[in-house]
Structures are given as structure tokens and as C-alpha cells.
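Next up, upload-v6.cif (mmCIF, C-alpha atoms and all ligand atoms):
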data_data
#
loop_
_atom_site.group_PDB
_atom_site.id
_atom_site.type_symbol
_atom_site.label_atom_id
_atom_site.label_comp_id
_atom_site.auth_asym_id
_atom_site.auth_seq_id
_atom_site.Cartn_x
_atom_site.Cartn_y
_atom_site.Cartn_z
ATOM 1 C CA MET A 28 72.702 -36.937 -244.823
ATOM 2 C CA SER A 29 72.597 -33.262 -243.904
ATOM 3 C CA GLN A 30 75.396 -32.373 -241.505
ATOM 4 C CA TRP A 31 72.978 -29.959 -239.873
ATOM 5 C CA LEU A 32 70.474 -32.639 -238.887
ATOM 6 C CA ASN A 33 69.639 -32.497 -235.171
ATOM 7 C CA ASN A 34 72.018 -29.600 -234.594
ATOM 8 C CA VAL A 35 71.292 -27.219 -231.768
ATOM 9 C CA ALA A 36 72.334 -23.770 -232.937
ATOM 10 C CA VAL A 37 72.575 -20.234 -231.624
ATOM 11 C CA VAL A 38 72.362 -17.228 -233.948
ATOM 12 C CA THR A 39 72.766 -13.637 -232.773
ATOM 13 C CA GLY A 40 71.319 -10.767 -234.754
ATOM 14 C CA ALA A 41 68.804 -13.399 -235.829
ATOM 15 C CA ALA A 42 65.798 -11.139 -236.354
ATOM 16 C CA SER A 43 66.978 -9.588 -239.613
ATOM 17 C CA GLY A 44 69.181 -9.935 -242.669
ATOM 18 C CA ILE A 45 72.073 -12.395 -242.567
ATOM 19 C CA GLY A 46 71.204 -13.725 -239.080
ATOM 20 C CA LEU A 47 67.628 -14.406 -240.114
ATOM 21 C CA GLY A 48 68.907 -16.078 -243.293
ATOM 22 C CA LEU A 49 71.240 -18.293 -241.236
ATOM 23 C CA THR A 50 68.357 -19.214 -238.919
ATOM 24 C CA GLU A 51 65.997 -20.117 -241.750
ATOM 25 C CA HIS A 52 68.645 -22.095 -243.592
ATOM 26 C CA LEU A 53 69.602 -24.105 -240.498
ATOM 27 C CA LEU A 54 65.944 -25.001 -239.950
ATOM 28 C CA LYS A 55 65.477 -25.891 -243.609
ATOM 29 C CA LEU A 56 68.514 -28.186 -243.446
ATOM 30 C CA GLY A 57 67.180 -30.120 -240.457
ATOM 31 C CA ALA A 58 68.455 -28.380 -237.323
ATOM 32 C CA LYS A 59 66.782 -29.592 -234.134
ATOM 33 C CA ALA A 60 66.599 -26.150 -232.535
ATOM 34 C CA VAL A 61 67.719 -22.625 -233.282
ATOM 35 C CA PHE A 62 68.055 -20.136 -230.441
ATOM 36 C CA MET A 63 67.532 -16.716 -231.969
ATOM 37 C CA GLY A 64 69.151 -13.847 -230.073
ATOM 38 C CA ASP A 65 68.378 -10.263 -231.008
ATOM 39 C CA LEU A 66 67.972 -6.877 -229.398
ATOM 40 C CA LYS A 67 64.914 -5.767 -231.360
ATOM 41 C CA GLU A 68 61.943 -7.333 -229.655
ATOM 42 C CA GLU A 69 59.395 -6.474 -232.302
ATOM 43 C CA ASN A 70 61.346 -8.027 -235.170
ATOM 44 C CA LEU A 71 62.355 -11.001 -233.064
ATOM 45 C CA THR A 72 58.748 -11.749 -232.106
ATOM 46 C CA LYS A 73 57.547 -11.317 -235.667
ATOM 47 C CA GLU A 74 60.219 -13.425 -237.384
ATOM 48 C CA SER A 75 60.374 -16.152 -234.749
ATOM 49 C CA GLY A 76 56.550 -16.331 -234.744
ATOM 50 C CA ARG A 77 56.555 -16.935 -238.482
ATOM 51 C CA LEU A 78 59.288 -19.588 -238.211
ATOM 52 C CA LYS A 79 57.618 -21.311 -235.237
ATOM 53 C CA GLN A 80 54.583 -21.994 -237.413
ATOM 54 C CA GLN A 81 56.775 -23.560 -240.075
ATOM 55 C CA TYR A 82 59.071 -25.432 -237.666
ATOM 56 C CA PRO A 83 57.113 -26.108 -234.469
ATOM 57 C CA GLY A 84 59.185 -26.886 -231.379
ATOM 58 C CA LYS A 85 62.417 -25.809 -233.027
ATOM 59 C CA VAL A 86 62.526 -22.027 -232.740
ATOM 60 C CA PHE A 87 63.486 -20.249 -229.513
ATOM 61 C CA PRO A 88 63.622 -16.447 -229.536
ATOM 62 C CA ILE A 89 65.558 -14.922 -226.649
ATOM 63 C CA LEU A 90 65.829 -11.173 -226.296
ATOM 64 C CA THR A 91 69.591 -10.603 -226.171
ATOM 65 C CA ASP A 92 71.840 -7.593 -226.250
ATOM 66 C CA VAL A 93 75.223 -8.974 -227.313
ATOM 67 C CA THR A 94 77.029 -6.082 -225.644
ATOM 68 C CA LYS A 95 75.857 -7.526 -222.293
ATOM 69 C CA ARG A 96 78.028 -10.489 -221.415
ATOM 70 C CA GLU A 97 75.501 -12.089 -219.037
ATOM 71 C CA GLN A 98 72.791 -11.999 -221.711
ATOM 72 C CA VAL A 99 75.007 -13.743 -224.259
ATOM 73 C CA GLU A 100 76.018 -16.311 -221.655
ATOM 74 C CA SER A 101 72.430 -17.117 -220.767
ATOM 75 C CA LEU A 102 71.424 -17.399 -224.469
ATOM 76 C CA ILE A 103 74.187 -19.936 -225.102
ATOM 77 C CA ARG A 104 73.680 -21.870 -221.867
ATOM 78 C CA GLU A 105 69.962 -22.141 -222.545
ATOM 79 C CA ALA A 106 70.697 -23.610 -225.968
ATOM 80 C CA LYS A 107 73.091 -26.175 -224.459
ATOM 81 C CA ALA A 108 70.541 -27.104 -221.757
ATOM 82 C CA PHE A 109 67.853 -27.801 -224.370
ATOM 83 C CA ASP A 110 69.197 -31.184 -225.473
ATOM 84 C CA GLY A 111 72.566 -31.454 -223.725
ATOM 85 C CA HIS A 112 74.668 -30.403 -226.716
ATOM 86 C CA LEU A 113 75.642 -27.221 -228.500
ATOM 87 C CA ASP A 114 76.606 -27.805 -232.109
ATOM 88 C CA ILE A 115 77.073 -24.397 -233.653
ATOM 89 C CA VAL A 116 77.089 -20.758 -232.600
ATOM 90 C CA PHE A 117 76.858 -17.909 -235.092
ATOM 91 C CA ASN A 118 78.058 -14.667 -233.495
ATOM 92 C CA ASN A 119 76.568 -12.479 -236.171
ATOM 93 C CA ALA A 120 74.985 -9.377 -234.580
ATOM 94 C CA GLY A 121 76.657 -6.181 -235.668
ATOM 95 C CA MET A 122 76.198 -2.909 -237.460
ATOM 96 C CA GLY A 123 77.906 -0.857 -240.117
ATOM 97 C CA MET A 124 79.694 2.457 -239.621
ATOM 98 C CA THR A 125 80.754 4.518 -242.599
ATOM 99 C CA VAL A 126 81.488 8.120 -241.629
ATOM 100 C CA PRO A 127 84.058 10.815 -242.303
ATOM 101 C CA THR A 128 86.766 10.863 -239.637
ATOM 102 C CA GLU A 129 85.776 14.275 -238.283
ATOM 103 C CA GLN A 130 82.437 12.762 -237.225
ATOM 104 C CA VAL A 131 83.987 9.826 -235.378
ATOM 105 C CA THR A 132 83.903 10.251 -231.607
ATOM 106 C CA PHE A 133 85.459 8.008 -228.971
ATOM 107 C CA ASP A 134 81.915 7.055 -227.971
ATOM 108 C CA ILE A 135 81.360 5.761 -231.513
ATOM 109 C CA TRP A 136 84.594 3.768 -231.270
ATOM 110 C CA LYS A 137 83.471 2.224 -228.013
ATOM 111 C CA PHE A 138 79.947 1.519 -229.215
ATOM 112 C CA ILE A 139 81.101 -0.248 -232.384
ATOM 113 C CA MET A 140 83.872 -2.222 -230.690
ATOM 114 C CA ASP A 141 81.442 -3.312 -227.936
ATOM 115 C CA LEU A 142 78.893 -4.484 -230.481
ATOM 116 C CA ASN A 143 80.903 -5.804 -233.434
ATOM 117 C CA PHE A 144 83.855 -7.187 -231.514
ATOM 118 C CA MET A 145 83.110 -7.708 -227.806
ATOM 119 C CA GLY A 146 79.667 -9.141 -228.672
ATOM 120 C CA VAL A 147 81.493 -11.790 -230.716
ATOM 121 C CA VAL A 148 84.086 -12.304 -227.979
ATOM 122 C CA TYR A 149 81.371 -12.986 -225.378
ATOM 123 C CA GLY A 150 79.672 -15.548 -227.630
ATOM 124 C CA THR A 151 82.924 -17.220 -228.619
ATOM 125 C CA TYR A 152 84.404 -17.481 -225.136
ATOM 126 C CA THR A 153 81.131 -18.695 -223.629
ATOM 127 C CA ALA A 154 80.774 -21.440 -226.243
ATOM 128 C CA ILE A 155 84.409 -22.630 -226.145
ATOM 129 C CA PRO A 156 84.394 -24.313 -222.697
ATOM 130 C CA ILE A 157 81.067 -26.011 -223.475
ATOM 131 C CA MET A 158 82.399 -27.311 -226.790
ATOM 132 C CA ARG A 159 85.733 -28.342 -225.291
ATOM 133 C CA GLU A 160 83.921 -30.425 -222.734
ATOM 134 C CA GLN A 161 81.793 -32.053 -225.449
ATOM 135 C CA GLY A 162 84.827 -32.540 -227.690
ATOM 136 C CA PHE A 163 83.093 -30.958 -230.671
ATOM 137 C CA GLY A 164 81.408 -27.788 -231.873
ATOM 138 C CA ARG A 165 81.589 -25.005 -234.369
ATOM 139 C CA ILE A 166 81.805 -21.249 -233.898
ATOM 140 C CA VAL A 167 81.152 -19.046 -236.901
ATOM 141 C CA ASN A 168 81.607 -15.308 -236.549
ATOM 142 C CA THR A 169 80.503 -12.602 -238.934
ATOM 143 C CA GLY A 170 83.333 -10.393 -240.116
ATOM 144 C CA SER A 171 83.285 -8.402 -243.338
ATOM 145 C CA ILE A 172 85.410 -7.953 -246.420
ATOM 146 C CA VAL A 173 86.200 -4.655 -244.704
ATOM 147 C CA GLY A 174 88.085 -6.642 -242.079
ATOM 148 C CA ARG A 175 90.233 -8.283 -244.757
ATOM 149 C CA VAL A 176 91.023 -5.155 -246.785
ATOM 150 C CA PRO A 177 91.155 -1.501 -245.689
ATOM 151 C CA ALA A 178 88.314 0.821 -246.625
ATOM 152 C CA PRO A 179 88.323 4.649 -246.545
ATOM 153 C CA TYR A 180 85.642 6.219 -244.313
ATOM 154 C CA GLN A 181 85.269 2.895 -242.498
ATOM 155 C CA ALA A 182 88.247 2.856 -240.109
ATOM 156 C CA VAL A 183 86.099 2.049 -237.055
ATOM 157 C CA TYR A 184 84.116 -0.699 -238.754
ATOM 158 C CA ALA A 185 87.247 -2.148 -240.403
ATOM 159 C CA ALA A 186 89.064 -2.309 -237.069
ATOM 160 C CA SER A 187 86.141 -4.077 -235.392
ATOM 161 C CA LYS A 188 85.864 -6.635 -238.181
ATOM 162 C CA SER A 189 89.569 -7.366 -238.577
ATOM 163 C CA ALA A 190 89.650 -8.052 -234.841
ATOM 164 C CA VAL A 191 86.847 -10.588 -235.333
ATOM 165 C CA ILE A 192 88.693 -12.236 -238.224
ATOM 166 C CA SER A 193 92.100 -12.525 -236.574
ATOM 167 C CA MET A 194 90.629 -13.790 -233.306
ATOM 168 C CA THR A 195 88.619 -16.459 -235.135
ATOM 169 C CA GLU A 196 91.560 -17.614 -237.255
ATOM 170 C CA SER A 197 93.880 -17.806 -234.259
ATOM 171 C CA LEU A 198 91.402 -19.915 -232.286
ATOM 172 C CA GLN A 199 91.014 -22.380 -235.164
ATOM 173 C CA TYR A 200 94.687 -23.321 -235.039
ATOM 174 C CA GLU A 201 94.731 -23.436 -231.258
ATOM 175 C CA LEU A 202 91.611 -25.517 -230.688
ATOM 176 C CA GLU A 203 91.136 -27.741 -233.747
ATOM 177 C CA VAL A 204 93.022 -30.540 -231.987
ATOM 178 C CA GLU A 205 90.199 -30.613 -229.434
ATOM 179 C CA GLY A 206 87.524 -31.113 -232.079
ATOM 180 C CA LEU A 207 86.443 -27.477 -232.344
ATOM 181 C CA SER A 208 86.107 -25.749 -235.658
ATOM 182 C CA PHE A 209 85.791 -22.083 -236.539
ATOM 183 C CA GLY A 210 84.625 -20.011 -239.466
ATOM 184 C CA VAL A 211 84.402 -16.343 -240.289
ATOM 185 C CA ILE A 212 81.959 -14.975 -242.814
ATOM 186 C CA CYS A 213 83.305 -11.968 -244.737
ATOM 187 C CA PRO A 214 80.609 -10.566 -246.985
ATOM 188 C CA GLY A 215 80.741 -7.710 -249.408
ATOM 189 C CA ASN A 216 77.357 -6.053 -249.722
ATOM 190 C CA VAL A 217 74.279 -8.126 -248.919
ATOM 191 C CA ARG A 218 70.831 -6.536 -249.217
ATOM 192 C CA THR A 219 69.745 -6.202 -245.584
ATOM 193 C CA ALA A 220 68.599 -3.491 -243.175
ATOM 194 C CA ILE A 221 72.261 -2.583 -242.534
ATOM 195 C CA PHE A 222 72.042 0.180 -245.155
ATOM 196 C CA GLY A 223 69.229 1.896 -243.241
ATOM 197 C CA SER A 224 67.306 4.332 -245.377
ATOM 198 C CA LEU A 225 69.796 4.131 -248.259
ATOM 199 C CA ALA A 226 69.053 1.884 -251.220
ATOM 200 C CA PRO A 227 71.380 -1.146 -251.177
ATOM 201 C CA PRO A 228 74.614 -0.360 -253.041
ATOM 202 C CA PRO A 229 75.068 -1.492 -256.638
ATOM 203 C CA GLY A 230 76.492 -5.007 -256.870
ATOM 204 C CA SER A 231 74.923 -6.145 -253.600
ATOM 205 C CA ILE A 232 73.499 -9.662 -253.462
ATOM 206 C CA SER A 233 70.334 -11.050 -251.855
ATOM 207 C CA VAL A 234 70.339 -12.821 -248.493
ATOM 208 C CA GLU A 235 69.223 -16.029 -250.263
ATOM 209 C CA ASP A 236 72.191 -15.928 -252.645
ATOM 210 C CA ALA A 237 74.509 -15.191 -249.733
ATOM 211 C CA MET A 238 73.140 -18.223 -247.841
ATOM 212 C CA GLU A 239 73.752 -20.548 -250.795
ATOM 213 C CA ILE A 240 77.423 -19.557 -250.833
ATOM 214 C CA ILE A 241 77.829 -19.489 -247.047
ATOM 215 C CA PHE A 242 76.363 -22.953 -246.472
ATOM 216 C CA GLN A 243 78.338 -24.458 -249.349
ATOM 217 C CA GLU A 244 81.520 -23.156 -247.742
ATOM 218 C CA LEU A 245 80.458 -24.116 -244.204
ATOM 219 C CA GLU A 246 79.934 -27.676 -245.404
ATOM 220 C CA LYS A 247 83.504 -27.675 -246.712
ATOM 221 C CA LYS A 248 84.668 -26.275 -243.345
ATOM 222 C CA THR A 249 86.174 -23.219 -245.042
ATOM 223 C CA LEU A 250 87.745 -21.019 -242.370
ATOM 224 C CA ILE A 251 87.441 -17.663 -244.137
ATOM 225 C CA ILE A 252 84.312 -17.333 -246.237
ATOM 226 C CA ILE A 253 84.528 -14.338 -248.564
ATOM 227 C CA LEU A 254 81.532 -13.591 -250.752
ATOM 228 C CA PRO A 255 80.531 -12.981 -253.472
ATOM 229 C CA ASP A 256 83.277 -13.772 -256.020
ATOM 230 C CA GLU A 257 83.754 -10.157 -257.131
ATOM 231 C CA VAL A 258 84.606 -9.235 -253.548
ATOM 232 C CA ARG A 259 87.117 -12.065 -253.322
ATOM 233 C CA GLU A 260 88.966 -10.248 -256.090
ATOM 234 C CA TYR A 261 89.607 -7.209 -253.801
ATOM 235 C CA ASP A 262 91.053 -9.584 -251.238
ATOM 236 C CA ARG A 263 93.329 -11.149 -253.837
ATOM 237 C CA MET A 264 94.396 -7.759 -255.161
ATOM 238 C CA TYR A 265 95.232 -6.490 -251.653
ATOM 239 C CA ARG A 266 97.531 -9.458 -251.040
ATOM 240 C CA GLU A 267 99.021 -10.000 -254.491
ATOM 241 C CA ASP A 268 98.891 -6.665 -256.312
ATOM 242 C CA ARG A 269 99.486 -3.844 -253.840
ATOM 243 C CA ALA A 270 99.848 -1.179 -256.524
ATOM 244 C CA GLY A 271 96.519 -2.192 -258.044
ATOM 245 C CA PHE A 272 94.848 -2.167 -254.631
ATOM 246 C CA ASP A 273 96.314 1.234 -253.726
ATOM 247 C CA GLN A 274 94.806 2.686 -256.861
ATOM 248 C CA PHE A 275 91.456 1.042 -256.181
ATOM 249 C CA ALA A 276 91.372 2.339 -252.574
ATOM 250 C CA ARG A 277 92.349 5.877 -253.623
ATOM 251 C CA ASN A 278 89.603 5.898 -256.247
ATOM 252 C CA LEU A 279 87.119 4.657 -253.662
ATOM 253 C CA ALA A 280 88.186 7.388 -251.222
ATOM 254 C CA ALA A 281 87.781 10.048 -253.912
ATOM 255 C CA GLU A 282 84.365 8.710 -254.847
ATOM 256 C CA ARG A 283 83.192 8.642 -251.230
ATOM 257 C CA ARG A 284 84.620 12.127 -250.556
ATOM 258 C CA GLU A 285 82.685 13.478 -253.511
ATOM 259 C CA ASN A 286 79.500 11.653 -252.526
ATOM 260 C CA TYR A 287 79.690 13.095 -249.005
ATOM 261 C CA ARG A 288 80.246 16.564 -250.447
ATOM 262 C CA THR A 289 77.367 16.408 -252.914
ATOM 263 C CA LYS A 290 74.863 13.960 -251.377
ATOM 264 C CA GLY A 291 75.833 13.693 -247.702
ATOM 265 C CA THR A 292 76.212 9.902 -247.984
ATOM 266 C CA TYR A 293 79.022 7.634 -249.103
ATOM 267 C CA TYR A 294 77.352 6.206 -252.200
HETATM 268 N N1 LIG B 301 74.747 -6.664 -245.156
HETATM 269 C C1 LIG B 301 75.993 -6.480 -245.513
HETATM 270 O O1 LIG B 301 76.266 -5.971 -246.616
HETATM 271 C C2 LIG B 301 77.117 -6.887 -244.610
HETATM 272 C C3 LIG B 301 78.413 -6.890 -245.129
HETATM 273 C C4 LIG B 301 79.464 -7.282 -244.311
HETATM 274 C C5 LIG B 301 79.222 -7.675 -243.014
HETATM 275 N N2 LIG B 301 77.951 -7.644 -242.522
HETATM 276 C C6 LIG B 301 77.745 -8.050 -241.129
HETATM 277 O O2 LIG B 301 76.692 -8.973 -241.060
HETATM 278 C C7 LIG B 301 76.118 -8.931 -239.752
HETATM 279 C C8 LIG B 301 74.613 -8.893 -239.884
HETATM 280 O O3 LIG B 301 74.253 -7.696 -240.537
HETATM 281 P P1 LIG B 301 73.003 -7.573 -241.510
HETATM 282 O O4 LIG B 301 73.510 -7.054 -242.785
HETATM 283 O O5 LIG B 301 72.218 -8.819 -241.488
HETATM 284 O O6 LIG B 301 72.243 -6.371 -240.812
HETATM 285 P P2 LIG B 301 70.760 -6.250 -240.211
HETATM 286 O O7 LIG B 301 70.686 -4.859 -239.708
HETATM 287 O O8 LIG B 301 69.769 -6.706 -241.212
HETATM 288 O O9 LIG B 301 70.768 -7.274 -238.997
HETATM 289 C C9 LIG B 301 71.504 -7.056 -237.836
HETATM 290 C C10 LIG B 301 70.715 -7.601 -236.652
HETATM 291 O O10 LIG B 301 71.530 -7.442 -235.485
HETATM 292 C C11 LIG B 301 70.694 -6.982 -234.436
HETATM 293 N N3 LIG B 301 71.477 -6.282 -233.415
HETATM 294 C C12 LIG B 301 72.017 -5.034 -233.463
HETATM 295 N N4 LIG B 301 72.598 -4.742 -232.306
HETATM 296 C C13 LIG B 301 72.435 -5.819 -231.495
HETATM 297 C C14 LIG B 301 72.815 -6.123 -230.183
HETATM 298 N N5 LIG B 301 73.470 -5.234 -229.404
HETATM 299 N N6 LIG B 301 72.474 -7.320 -229.664
HETATM 300 C C15 LIG B 301 71.789 -8.224 -230.412
HETATM 301 N N7 LIG B 301 71.394 -7.998 -231.662
HETATM 302 C C16 LIG B 301 71.722 -6.803 -232.204
HETATM 303 C C17 LIG B 301 69.707 -6.050 -235.110
HETATM 304 O O11 LIG B 301 68.561 -5.849 -234.301
HETATM 305 C C18 LIG B 301 69.421 -6.807 -236.400
HETATM 306 O O12 LIG B 301 68.331 -7.681 -236.238
HETATM 307 C C19 LIG B 301 76.741 -7.741 -239.049
HETATM 308 O O13 LIG B 301 77.762 -8.182 -238.190
HETATM 309 C C20 LIG B 301 77.330 -6.938 -240.189
HETATM 310 O O14 LIG B 301 78.411 -6.137 -239.793
HETATM 311 C C21 LIG B 301 76.899 -7.272 -243.291
#
Re-express the file's structure as C-alpha cells.
Ligand SMILES: NC(=O)c1ccc[n+]([C@@H]2O[C@H](COP(=O)([O-])OP(=O)(O)OC[C@H]3O[C@@H](n4cnc5c(N)ncnc54)[C@H](O)[C@@H]3O)[C@@H](O)[C@H]2O)c1
Amino acid sequence: MSQWLNNVAVVTGAASGIGLGLTEHLLKLGAKAVFMGDLKEENLTKESGRLKQQYPGKVFPILTDVTKREQVESLIREAKAFDGHLDIVFNNAGMGMTVPTEQVTFDIWKFIMDLNFMGVVYGTYTAIPIMREQGFGRIVNTGSIVGRVPAPYQAVYAASKSAVISMTESLQYELEVEGLSFGVICPGNVRTAIFGSLAPPPGSISVEDAMEIIFQELEKKTLIIILPDEVREYDRMYREDRAGFDQFARNLAAERRENYRTKGTYY
């Protein structure tokens, strides 16, 4: 029997890309209700409208800015009130930031940390007391491979994502005895709107392929989900072959430096 059957779930950043993929997959696997939080009203209305037709009575779009604590709290509390239980929360909303250091302002730092990290903190710390009281529940946050390994031109993004990863891991060991379980998704490149007007980078995978891997690992209760396999290799190299990783990172920096100089973008 599907472990997702009758689950009540919350997904943030649910109107596009990975969040939309998570939403669709949960519904396909038998979830009872998915509360879709997103900031972009137009996309949220469009995507939730399409899913409502396919899964009537199971799709609940709620306009949510994850940088606003009260909005995240009301999204999660509404999900819990629906059927008296909250099974899984995906704190997924976030955005990329790849820029040369001279363009990074303190406002950019604050904006990215508020969105990529504090947005996840609000969702996590709102769900925890509810799940503790129930004695069960799962919180899955979206990190990035760039939170596991350093990446030139991505210091801000890397910092926000490694904060997500270390918080999530720490909570797992603290709260598993109370029946809570945590996961952190660390993708390489997945073809979504995150790349803006740029074509998705070479080697990126589709949202569908990402979902296959993510749900396989979620079912095994994997704490740190790194995907796809090629990206897992960078993680291994960083931890087991520092000289190899140093060379890789220096080459990547040189490549990005040259791309900025000649094309104005990092790839
Ligand atoms: N696509 C990738 O290659 C990749 C790789 C690593 C990590 N990630 C992470 O995956 C997550 C999802 O990204 P994606 O690739 O699906 O991008 P996406 O742009 O397709 O989707 C992100 C969604 O988040 C929403 N959002 C942005 N700010 C928000 C806010 N303040 N409140 C609520 N919603 C907000 C957007 O409206 C959008 O619908 C992000 O955390 C991102 O950092 C993506």
C-alpha cells in the first residue's frame, strides 16, 4: 500500500518546477490533500486549477509568501485543520543566486537568506509542535548540492542551502525519538524556471526524472537525498578526494569567470 495514501501535505513553491512536481506526485500516489503555497498568484491559480480537475477535493492553493512567518503559519495550520492531521511538509520555495562577488550587496544577502533559509525555518518550526503533539510527521526541506559542496560565484546561495541542510540533519537526530522524520533534497540541475531566461545547463534532468529519484529515496526515509548520480560524485569527491575537488572547483571558477567576461552569464 502506498505510504502516501490519505496523507495531508503542504508544499511551498508549489506553483512551478520541483514544488509542482512534488504536488503532482503526492496526488498521484494517493494523498488526501495537498496545500499548495506559492507567491505567484497567476501560476498558482493556473496549476492548482488544472490539478483540481484531475483530483477534485484534494487540491488547496493558498497564496503564501514564505518570507512572512504569519503566512507560512496559516498555510500549515489550515492543512492540519483540514482532517486533524499533518503528515508531511515540503519547505521547498527558494531561488537561485549566481553572481560575481562585486555584484553581491547586503540586501541580496538578506533577501536570499530570508527566502531560502528563513522561509524553511518558519515552515519547519511551525510544523514541529503540531507533529510532536501527533507523535508523527515528516518535514522535507529543499537544499541543493551547492549546500553540500562549495561553488564559486554562488557564495550567497551556498550559504543559504548549507544552513537548510545542517538544520534539517540536526533536527532529525534530536526529534526522531518522538516519531518525527526529516529529509533534505539536494538536487544538481533540474530543468525548471529557476534558470530564468537562460537555457537549462547541460546535464540537467527533467522534473519527472527528479521526482522518480526523490520519491524512491523518500520511501526509504533517506535523510540526505542527492540527485542525480553524477552530482553525488561531486559530493563524494569533496569528502574523500580533496585534491580532486580543489581542481574541479578551480576549473569551474575559471570557466564561470570566462563566461561572465565573454557572455555576461555563468554558463
Ligand atoms: N532547479 C534546480 O536545478 C535546483 C537545484 C537545486 C536546488 N533547487 C531548489 O529547488 C527549489 C525549487 O526551485 P525550482 O527549481 O523548482 O524553481 P522554480 O522557480 O521553478 O520554482 C520556485 C517556486 O517558488 C516560488 N517562490 C519564490 N519565492 C517565493 C516566496 N517568497 N514564497 C513562496 N513561494 C515563492 C516561485 O513563485 C516558484 O513557483 C528551490 O529551493 C531551489 O533553490 C533547484
Write out as a tab-separated table the residues of chain A that have any atom within 6 Å of an atom of ligand LIG 301 (chain B), one row each with the nearest atom pair and its distance in Å to one decimal, counting only C-alpha atoms and all ligand atoms, sorted by chain and then rising number.
residue	atom	partner	partner_atom	distance
A:Thr39	CA	B:LIG301	N7	5.9
A:Gly40	CA	B:LIG301	O10	3.4
A:Ala41	CA	B:LIG301	O12	5.8
A:Ala42	CA	B:LIG301	O12	4.3
A:Ser43	CA	B:LIG301	O12	4.1
A:Gly44	CA	B:LIG301	O5	3.4
A:Ile45	CA	B:LIG301	O5	3.7
A:Gly46	CA	B:LIG301	O5	5.6
A:Asp65	CA	B:LIG301	N7	3.8
A:Leu66	CA	B:LIG301	C15	4.2
A:Lys67	CA	B:LIG301	O11	4.7
A:Thr91	CA	B:LIG301	C15	5.3
A:Asp92	CA	B:LIG301	N6	3.5
A:Val93	CA	B:LIG301	N6	4.0
A:Thr94	CA	B:LIG301	N5	5.2
A:Asn119	CA	B:LIG301	O13	4.9
A:Ala120	CA	B:LIG301	O10	4.1
A:Gly121	CA	B:LIG301	O13	3.4
A:Met122	CA	B:LIG301	O14	4.6
A:Gly123	CA	B:LIG301	O14	5.3
A:Leu142	CA	B:LIG301	N5	5.6
A:Thr169	CA	B:LIG301	O13	5.3
A:Gly170	CA	B:LIG301	C5	5.7
A:Ser171	CA	B:LIG301	C4	4.1
A:Pro214	CA	B:LIG301	C4	4.4
A:Gly215	CA	B:LIG301	C3	4.9
A:Asn216	CA	B:LIG301	O1	3.3
A:Val217	CA	B:LIG301	O1	3.7
A:Arg218	CA	B:LIG301	N1	5.6
A:Thr219	CA	B:LIG301	O8	4.4
A:Ala220	CA	B:LIG301	O8	3.9
A:Ile221	CA	B:LIG301	O7	4.0
Output the selection as a tab-separated table (two decimals), in the coordinates of the input - C-alpha atoms for each residue.
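Final output, selection.tsv:
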chain	number	residue	atom	x	y	z
A	39	THR	CA	72.77	-13.64	-232.77
A	40	GLY	CA	71.32	-10.77	-234.75
A	41	ALA	CA	68.80	-13.40	-235.83
A	42	ALA	CA	65.80	-11.14	-236.35
A	43	SER	CA	66.98	-9.59	-239.61
A	44	GLY	CA	69.18	-9.94	-242.67
A	45	ILE	CA	72.07	-12.40	-242.57
A	46	GLY	CA	71.20	-13.72	-239.08
A	65	ASP	CA	68.38	-10.26	-231.01
A	66	LEU	CA	67.97	-6.88	-229.40
A	67	LYS	CA	64.91	-5.77	-231.36
A	91	THR	CA	69.59	-10.60	-226.17
A	92	ASP	CA	71.84	-7.59	-226.25
A	93	VAL	CA	75.22	-8.97	-227.31
A	94	THR	CA	77.03	-6.08	-225.64
A	119	ASN	CA	76.57	-12.48	-236.17
A	120	ALA	CA	74.98	-9.38	-234.58
A	121	GLY	CA	76.66	-6.18	-235.67
A	122	MET	CA	76.20	-2.91	-237.46
A	123	GLY	CA	77.91	-0.86	-240.12
A	142	LEU	CA	78.89	-4.48	-230.48
A	169	THR	CA	80.50	-12.60	-238.93
A	170	GLY	CA	83.33	-10.39	-240.12
A	171	SER	CA	83.28	-8.40	-243.34
A	214	PRO	CA	80.61	-10.57	-246.98
A	215	GLY	CA	80.74	-7.71	-249.41
A	216	ASN	CA	77.36	-6.05	-249.72
A	217	VAL	CA	74.28	-8.13	-248.92
A	218	ARG	CA	70.83	-6.54	-249.22
A	219	THR	CA	69.74	-6.20	-245.58
A	220	ALA	CA	68.60	-3.49	-243.18
A	221	ILE	CA	72.26	-2.58	-242.53
Item to complete: Choose the residue, out of A:Leu54, A:Ile155, A:Ile89, A:Ala178, that has the smallest atom-to-atom separation from Glu201 in chain A; count all atoms listed in the file.
Response: A:Ile155
Response to the item:
Residue with the minimum atom-to-atom distance to Asn34 in chain A, picked from A:Tyr152, A:Phe163, A:Trp136, A:Tyr184 with all atoms listed in the file counted, is A:Phe163
Discussion item. Within 12 Å of (87.7, 3.8, -253.6) in the file's own coordinates, which protein, DNA or RNA residues have an atom, counting all atoms listed in the file? List them as an MDAnalysis selection string.
Written reply: chainID A and resid 176:181 261 271:286 293:294
Discussion item. Set the distance at 10 Å and use all atoms listed in the file: which residues neighbour Lys188 in chain A once local chain neighbours fewer than 5 positions away are removed? I'd like the list as a ChimeraX atom specification.
Written reply: /A:121,139-140,143-144,168-175,182-183,193-194,213
For those residues, write C-alpha atoms to a file as a PDB file, in the frame of the given file.
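To be explicit, this is the file written out as selection.pdb:
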ATOM      1  CA  GLY A 121      76.657  -6.181-235.668  1.00  0.00           C
ATOM      2  CA  ILE A 139      81.101  -0.248-232.384  1.00  0.00           C
ATOM      3  CA  MET A 140      83.872  -2.222-230.690  1.00  0.00           C
ATOM      4  CA  ASN A 143      80.903  -5.804-233.434  1.00  0.00           C
ATOM      5  CA  PHE A 144      83.855  -7.187-231.514  1.00  0.00           C
ATOM      6  CA  ASN A 168      81.607 -15.308-236.549  1.00  0.00           C
ATOM      7  CA  THR A 169      80.503 -12.602-238.934  1.00  0.00           C
ATOM      8  CA  GLY A 170      83.333 -10.393-240.116  1.00  0.00           C
ATOM      9  CA  SER A 171      83.285  -8.402-243.338  1.00  0.00           C
ATOM     10  CA  ILE A 172      85.410  -7.953-246.420  1.00  0.00           C
ATOM     11  CA  VAL A 173      86.200  -4.655-244.704  1.00  0.00           C
ATOM     12  CA  GLY A 174      88.085  -6.642-242.079  1.00  0.00           C
ATOM     13  CA  ARG A 175      90.233  -8.283-244.757  1.00  0.00           C
ATOM     14  CA  ALA A 182      88.247   2.856-240.109  1.00  0.00           C
ATOM     15  CA  VAL A 183      86.099   2.049-237.055  1.00  0.00           C
ATOM     16  CA  SER A 193      92.100 -12.525-236.574  1.00  0.00           C
ATOM     17  CA  MET A 194      90.629 -13.790-233.306  1.00  0.00           C
ATOM     18  CA  CYS A 213      83.305 -11.968-244.737  1.00  0.00           C
TER      19      CYS A 213
END
Discussion item. Which residue is closest to Thr195 in chain A? Choose from A:Thr292, A:Gln161, A:Thr151, A:Ser29 and count all atoms listed in the file.
Written reply: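 Closest to Thr195 in chain A of all the choices is A:Thr151.
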